[in-house]
Amino acid sequence: MPTSCVAQIVDEISPSLYRDFISDLPLELSLHILRFLDAQSVGRASQVSRQWQRIANTNVLWKYLYQNNGWSMDAPLIRWYNAYGEWIHQQQHVNWRTLYRTRCGIERRWRTSIYMIQHLHGHQEGIYCVQFDHQKIVSGARDHTIRLWSIASGNCILTLRNGHTASVLCLQYDDDILVSGGSDAIVIVWDMRTGRRLHTLTGHEDSILNLCFDEQYIVTCSKDCTIRVWSREDYRLVRVLVGHRVAVNALALRNGILVSVSGDRTFRVWDIHTGACLHRVYGHSRGIACVQFDGRRIFTGSSDRTIRIWDVETGECLGTLQGHTDLVRSLDYDGRWLVSGSYDHTIRVWDPDT
């Protein structure tokens, strides 16, 4: 075929070969194609043209990319940010692209240990317990007080006094109540909104080392080797759980299952509704100081410097996390990262799935 004919054919079909399929296809099909890209590639695609940018920034695409990473949406956090108009459009829809970028930043900080230190001053002696959410921090200390702090300003917004007569060793709160336990062997229930003292639970014969609660029960454990289950509704004592041979150091409660750990080197799994002990498991070579429970797995930290992961149904040890050089004193698990604090003065972040 003559060259001139070939050139003529190329000139005729070239416009078809260079069609912008992303722009020409229906939006649903364009979005379906872009879903096969990662976020970085979608960002690059948005720079091709204004039309591609409009499609690549579509909210439904970023919602898919966010959820495809296995991330869940923290509804309370979204509502809080709504007040500042940062993550929410005027139509009250989540800006998934901004949420994706923010979540990536958080993940990067977890992995690279990027953090900022802020000091809160107010307690007169050592702090033994702390809990926080997106707006506030609550701390209990050896000075017998509980303080509520604003995360935004770092200021103390409320101090609960005239309750405990000794160190505040443990606490937990929700939107309605704050429950605290101390070396004075008493448990105090406070109104979370006003700071008013609602009730005092007595019965333990030694320091309250840990506590937890759900919609139905308040559960406390003590140096007196017992666990007490109280009714949240009327504060009556429902039952006393016995079995540990030395101090019960920590508790975790989820979906009617209670896990307790003790200096006797065991953890026990209880049915909170009946008081039956479902499992008694040995595994650590020294006492167990702390516990977390996600409904499926139990995480325990011990004086033997290790963290162990257990199957709640079988009691089987699924893994051992090693790295701390002294007692593992505290654990926290948010569904993604397991954070441990130790007497070796370090905090370690673990991925329990790997």
# chains A, B, ... in the order shown; residues from 1 in each chain; ligands from 1

$ residues_around --residues "Cys290 of chain A" --least-positions-apart "6" --cutoff "7 Å" --atoms "only C-alpha atoms" --output "ChimeraX atom specification"
/A:249-250,261,300-301,329-331

$ residues_around --residues "segment 65-72 of chain A" --least-positions-apart "4" --cutoff "8 Å" --atoms "only C-alpha atoms" --output "list in words"
Arg35, Asp38, Ala39, Leu61, Trp96 and Tyr100 of chain A

$ residues_around --residues "Leu211 of chain A" --least-positions-apart "5" --cutoff "10 Å" --atoms "only C-alpha atoms" --output "ChimeraX atom specification"
/A:169-172,179-181,187,218-222,227-229,249-253

$ write_last_selection --atoms "C-alpha atoms" --output "compact mmCIF listing (two decimals), in the first residue's frame"
# COMPACT_ATOMS: atom_id res chain seq x y z
CA LEU A 169 -5.93 4.12 91.02
CA CYS A 170 -8.45 3.52 88.22
CA LEU A 171 -11.33 5.16 86.37
CA GLN A 172 -13.64 4.79 83.41
CA VAL A 179 -16.56 5.57 87.95
CA SER A 180 -13.36 5.72 90.01
CA GLY A 181 -11.63 3.37 92.42
CA VAL A 187 -15.67 3.00 94.31
CA ILE A 218 -20.12 -2.01 87.00
CA VAL A 219 -17.29 -4.47 87.70
CA THR A 220 -14.45 -3.85 90.14
CA CYS A 221 -11.40 -5.86 91.17
CA SER A 222 -9.18 -5.51 94.17
CA ILE A 227 -14.12 -9.27 91.71
CA ARG A 228 -17.40 -7.56 92.50
CA VAL A 229 -20.26 -7.10 90.04
CA ASN A 249 -4.88 -6.53 88.71
CA ALA A 250 -7.08 -5.73 85.72
CA LEU A 251 -10.39 -6.39 83.95
CA ALA A 252 -11.85 -6.22 80.46
CA LEU A 253 -15.55 -6.56 79.63

$ atom_distance --atom1 "atom CA of Leu34 of chain A" --atom2 "atom CA of Arg50 of chain A"
15.6 Å

$ closest_residue --among "A:Trp350, A:Trp270, A:Tyr235, A:Tyr282" --to "Leu258 of chain A" --atoms "only C-alpha atoms"
A:Trp270

$ residues_around --residues "Asp334 of chain A" --least-positions-apart "5" --cutoff "10 Å" --atoms "only C-alpha atoms" --output "PyMOL selection string"
chain A and resi 292+294+339

$ atom_distance --atom1 "atom CA of Val60 of chain A" --atom2 "atom CA of Arg111 of chain A"
27.7 Å

$ closest_residue --among "A:Val248, A:Val269, A:Ile177, A:Ile157" --to "Glu215 of chain A" --atoms "only C-alpha atoms"
A:Ile177

$ residues_around --residues "Val168 of chain A" --least-positions-apart "6" --cutoff "9 Å" --atoms "only C-alpha atoms" --output "PyMOL selection string"
chain A and resi 127-129+139-146+180-184+208

$ closest_residue --among "A:Gly263, A:Gly295, A:Gly341, A:Gly335" --to "Gly323 of chain A" --atoms "only C-alpha atoms"
A:Gly341

$ closest_residue --among "A:Phe132, A:Phe267, A:Phe213, A:Trp110" --to "Gly243 of chain A" --atoms "only C-alpha atoms"
A:Phe267

$ atom_distance --atom1 "atom CA of Asn57 of chain A" --atom2 "atom CA of Arg109 of chain A"
24.8 Å

$ select_by_dssp --residues "segment 86-303 of chain A" --states "strand (DSSP E or B)" --output "PyMOL selection string"
chain A and resi 88+94+127-132+136-141+146-150+156-160+168-173+177-182+187-191+197-201+208-213+217-222+227-231+237-241+248-254+257-262+266-271+277-282+288-293+297-302

$ write_last_selection --atoms "C-alpha atoms" --output "short mmCIF file (atom, residue, chain, number, x, y, z; two decimals), in the first residue's frame"
data_model
loop_
_atom_site.label_atom_id
_atom_site.label_comp_id
_atom_site.auth_asym_id
_atom_site.auth_seq_id
_atom_site.Cartn_x
_atom_site.Cartn_y
_atom_site.Cartn_z
CA ILE A 88 -18.29 17.92 56.42
CA VAL A 94 -18.65 13.42 54.91
CA ILE A 127 -0.86 10.16 88.08
CA TYR A 128 -2.06 6.56 88.17
CA CYS A 129 -4.83 6.36 85.56
CA VAL A 130 -6.04 8.18 82.47
CA GLN A 131 -8.75 7.91 79.84
CA PHE A 132 -9.44 10.23 76.92
CA LYS A 136 -11.04 15.67 76.82
CA ILE A 137 -8.63 13.78 79.03
CA VAL A 138 -9.59 12.44 82.47
CA SER A 139 -6.84 11.64 84.97
CA GLY A 140 -6.70 10.25 88.51
CA ALA A 141 -3.77 10.77 90.85
CA ILE A 146 -9.67 13.47 89.39
CA ARG A 147 -9.12 16.15 86.75
CA LEU A 148 -10.80 16.75 83.41
CA TRP A 149 -8.69 18.49 80.76
CA SER A 150 -9.54 20.12 77.45
CA CYS A 156 -8.07 21.80 83.43
CA ILE A 157 -11.82 22.33 83.09
CA LEU A 158 -13.00 20.44 86.19
CA THR A 159 -11.50 18.95 89.35
CA LEU A 160 -13.35 16.30 91.37
CA VAL A 168 -7.18 7.30 92.69
CA LEU A 169 -5.93 4.12 91.02
CA CYS A 170 -8.45 3.52 88.22
CA LEU A 171 -11.33 5.16 86.37
CA GLN A 172 -13.64 4.79 83.41
CA TYR A 173 -16.30 7.10 81.97
CA ILE A 177 -21.11 8.59 84.45
CA LEU A 178 -17.52 8.43 85.63
CA VAL A 179 -16.56 5.57 87.95
CA SER A 180 -13.36 5.72 90.01
CA GLY A 181 -11.63 3.37 92.42
CA GLY A 182 -8.88 4.07 94.92
CA VAL A 187 -15.67 3.00 94.31
CA ILE A 188 -17.34 6.33 93.51
CA VAL A 189 -19.84 7.00 90.75
CA TRP A 190 -19.87 10.60 89.49
CA ASP A 191 -22.19 12.51 87.18
CA ARG A 197 -21.02 12.52 93.36
CA LEU A 198 -23.89 10.08 92.74
CA HIS A 199 -23.05 7.00 94.80
CA THR A 200 -20.32 5.21 96.74
CA LEU A 201 -19.85 1.46 96.43
CA ILE A 208 -9.43 -1.10 94.00
CA LEU A 209 -6.93 -1.94 91.27
CA ASN A 210 -9.15 -1.74 88.19
CA LEU A 211 -12.75 -1.41 87.05
CA CYS A 212 -14.92 -1.45 83.96
CA PHE A 213 -18.61 -1.12 83.13
CA TYR A 217 -22.96 -3.75 85.18
CA ILE A 218 -20.12 -2.01 87.00
CA VAL A 219 -17.29 -4.47 87.70
CA THR A 220 -14.45 -3.85 90.14
CA CYS A 221 -11.40 -5.86 91.17
CA SER A 222 -9.18 -5.51 94.17
CA ILE A 227 -14.12 -9.27 91.71
CA ARG A 228 -17.40 -7.56 92.50
CA VAL A 229 -20.26 -7.10 90.04
CA TRP A 230 -22.66 -4.22 90.73
CA SER A 231 -25.91 -3.21 89.09
CA LEU A 237 -24.11 -5.81 94.65
CA VAL A 238 -25.07 -8.57 92.18
CA ARG A 239 -22.34 -11.11 92.90
CA VAL A 240 -18.77 -11.65 94.05
CA LEU A 241 -16.42 -13.64 91.82
CA VAL A 248 -6.75 -9.18 90.68
CA ASN A 249 -4.88 -6.53 88.71
CA ALA A 250 -7.08 -5.73 85.72
CA LEU A 251 -10.39 -6.39 83.95
CA ALA A 252 -11.85 -6.22 80.46
CA LEU A 253 -15.55 -6.56 79.63
CA ARG A 254 -17.23 -7.02 76.27
CA ILE A 257 -17.77 -11.78 78.75
CA LEU A 258 -15.44 -10.62 81.52
CA VAL A 259 -11.69 -11.26 81.50
CA SER A 260 -9.67 -10.87 84.70
CA VAL A 261 -5.90 -11.09 85.19
CA SER A 262 -3.95 -11.62 88.36
CA THR A 266 -3.51 -16.71 85.32
CA PHE A 267 -6.31 -15.02 83.48
CA ARG A 268 -9.91 -16.09 83.87
CA VAL A 269 -12.85 -15.75 81.52
CA TRP A 270 -16.26 -15.28 83.16
CA ASP A 271 -19.88 -15.13 82.08
CA CYS A 277 -15.87 -19.22 85.19
CA LEU A 278 -15.54 -20.37 81.58
CA HIS A 279 -11.74 -20.65 81.37
CA ARG A 280 -8.73 -20.48 83.66
CA VAL A 281 -5.53 -20.15 81.66
CA TYR A 282 -1.88 -20.27 82.65
CA ILE A 288 -0.13 -10.58 84.74
CA ALA A 289 -0.53 -6.83 85.14
CA CYS A 290 -2.88 -5.68 82.35
CA VAL A 291 -5.39 -6.90 79.80
CA GLN A 292 -7.31 -5.87 76.68
CA PHE A 293 -10.14 -7.80 75.01
CA ARG A 297 -8.76 -12.11 71.29
CA ILE A 298 -7.34 -11.43 74.74
CA PHE A 299 -4.11 -9.43 75.09
CA THR A 300 -2.19 -9.78 78.36
CA GLY A 301 0.92 -7.97 79.61
CA SER A 302 3.08 -9.47 82.32
#

$ closest_residue --among "A:Ala185, A:Leu318, A:Ala45, A:Ile55" --to "Pro26 of chain A" --atoms "only C-alpha atoms"
A:Ile55

$ residues_around --residues "Pro352 of chain A" --least-positions-apart "5" --cutoff "9 Å" --atoms "only C-alpha atoms" --output "number ranges by chain"
A: 309, 319, 321, 336-338

$ write_last_selection --atoms "N, CA and C atoms" --output "CSV table (one decimal), in the first residue's frame"
chain,number,residue,atom,x,y,z
A,309,ILE,N,-1.1,-13.1,73.2
A,309,ILE,CA,-2.4,-13.0,72.5
A,309,ILE,C,-3.1,-14.3,72.6
A,319,GLY,N,0.1,-16.0,70.0
A,319,GLY,CA,1.3,-15.3,69.7
A,319,GLY,C,1.9,-14.7,70.9
A,321,LEU,N,4.5,-11.4,72.0
A,321,LEU,CA,5.1,-10.1,71.5
A,321,LEU,C,6.3,-9.8,72.5
A,336,ARG,N,-7.0,-1.6,65.8
A,336,ARG,CA,-5.9,-1.6,64.7
A,336,ARG,C,-4.6,-1.8,65.4
A,337,TRP,N,-4.2,-0.9,66.3
A,337,TRP,CA,-2.9,-0.9,66.9
A,337,TRP,C,-3.0,-1.3,68.4
A,338,LEU,N,-2.1,-2.1,68.8
A,338,LEU,CA,-1.9,-2.4,70.3
A,338,LEU,C,-0.8,-1.6,70.8
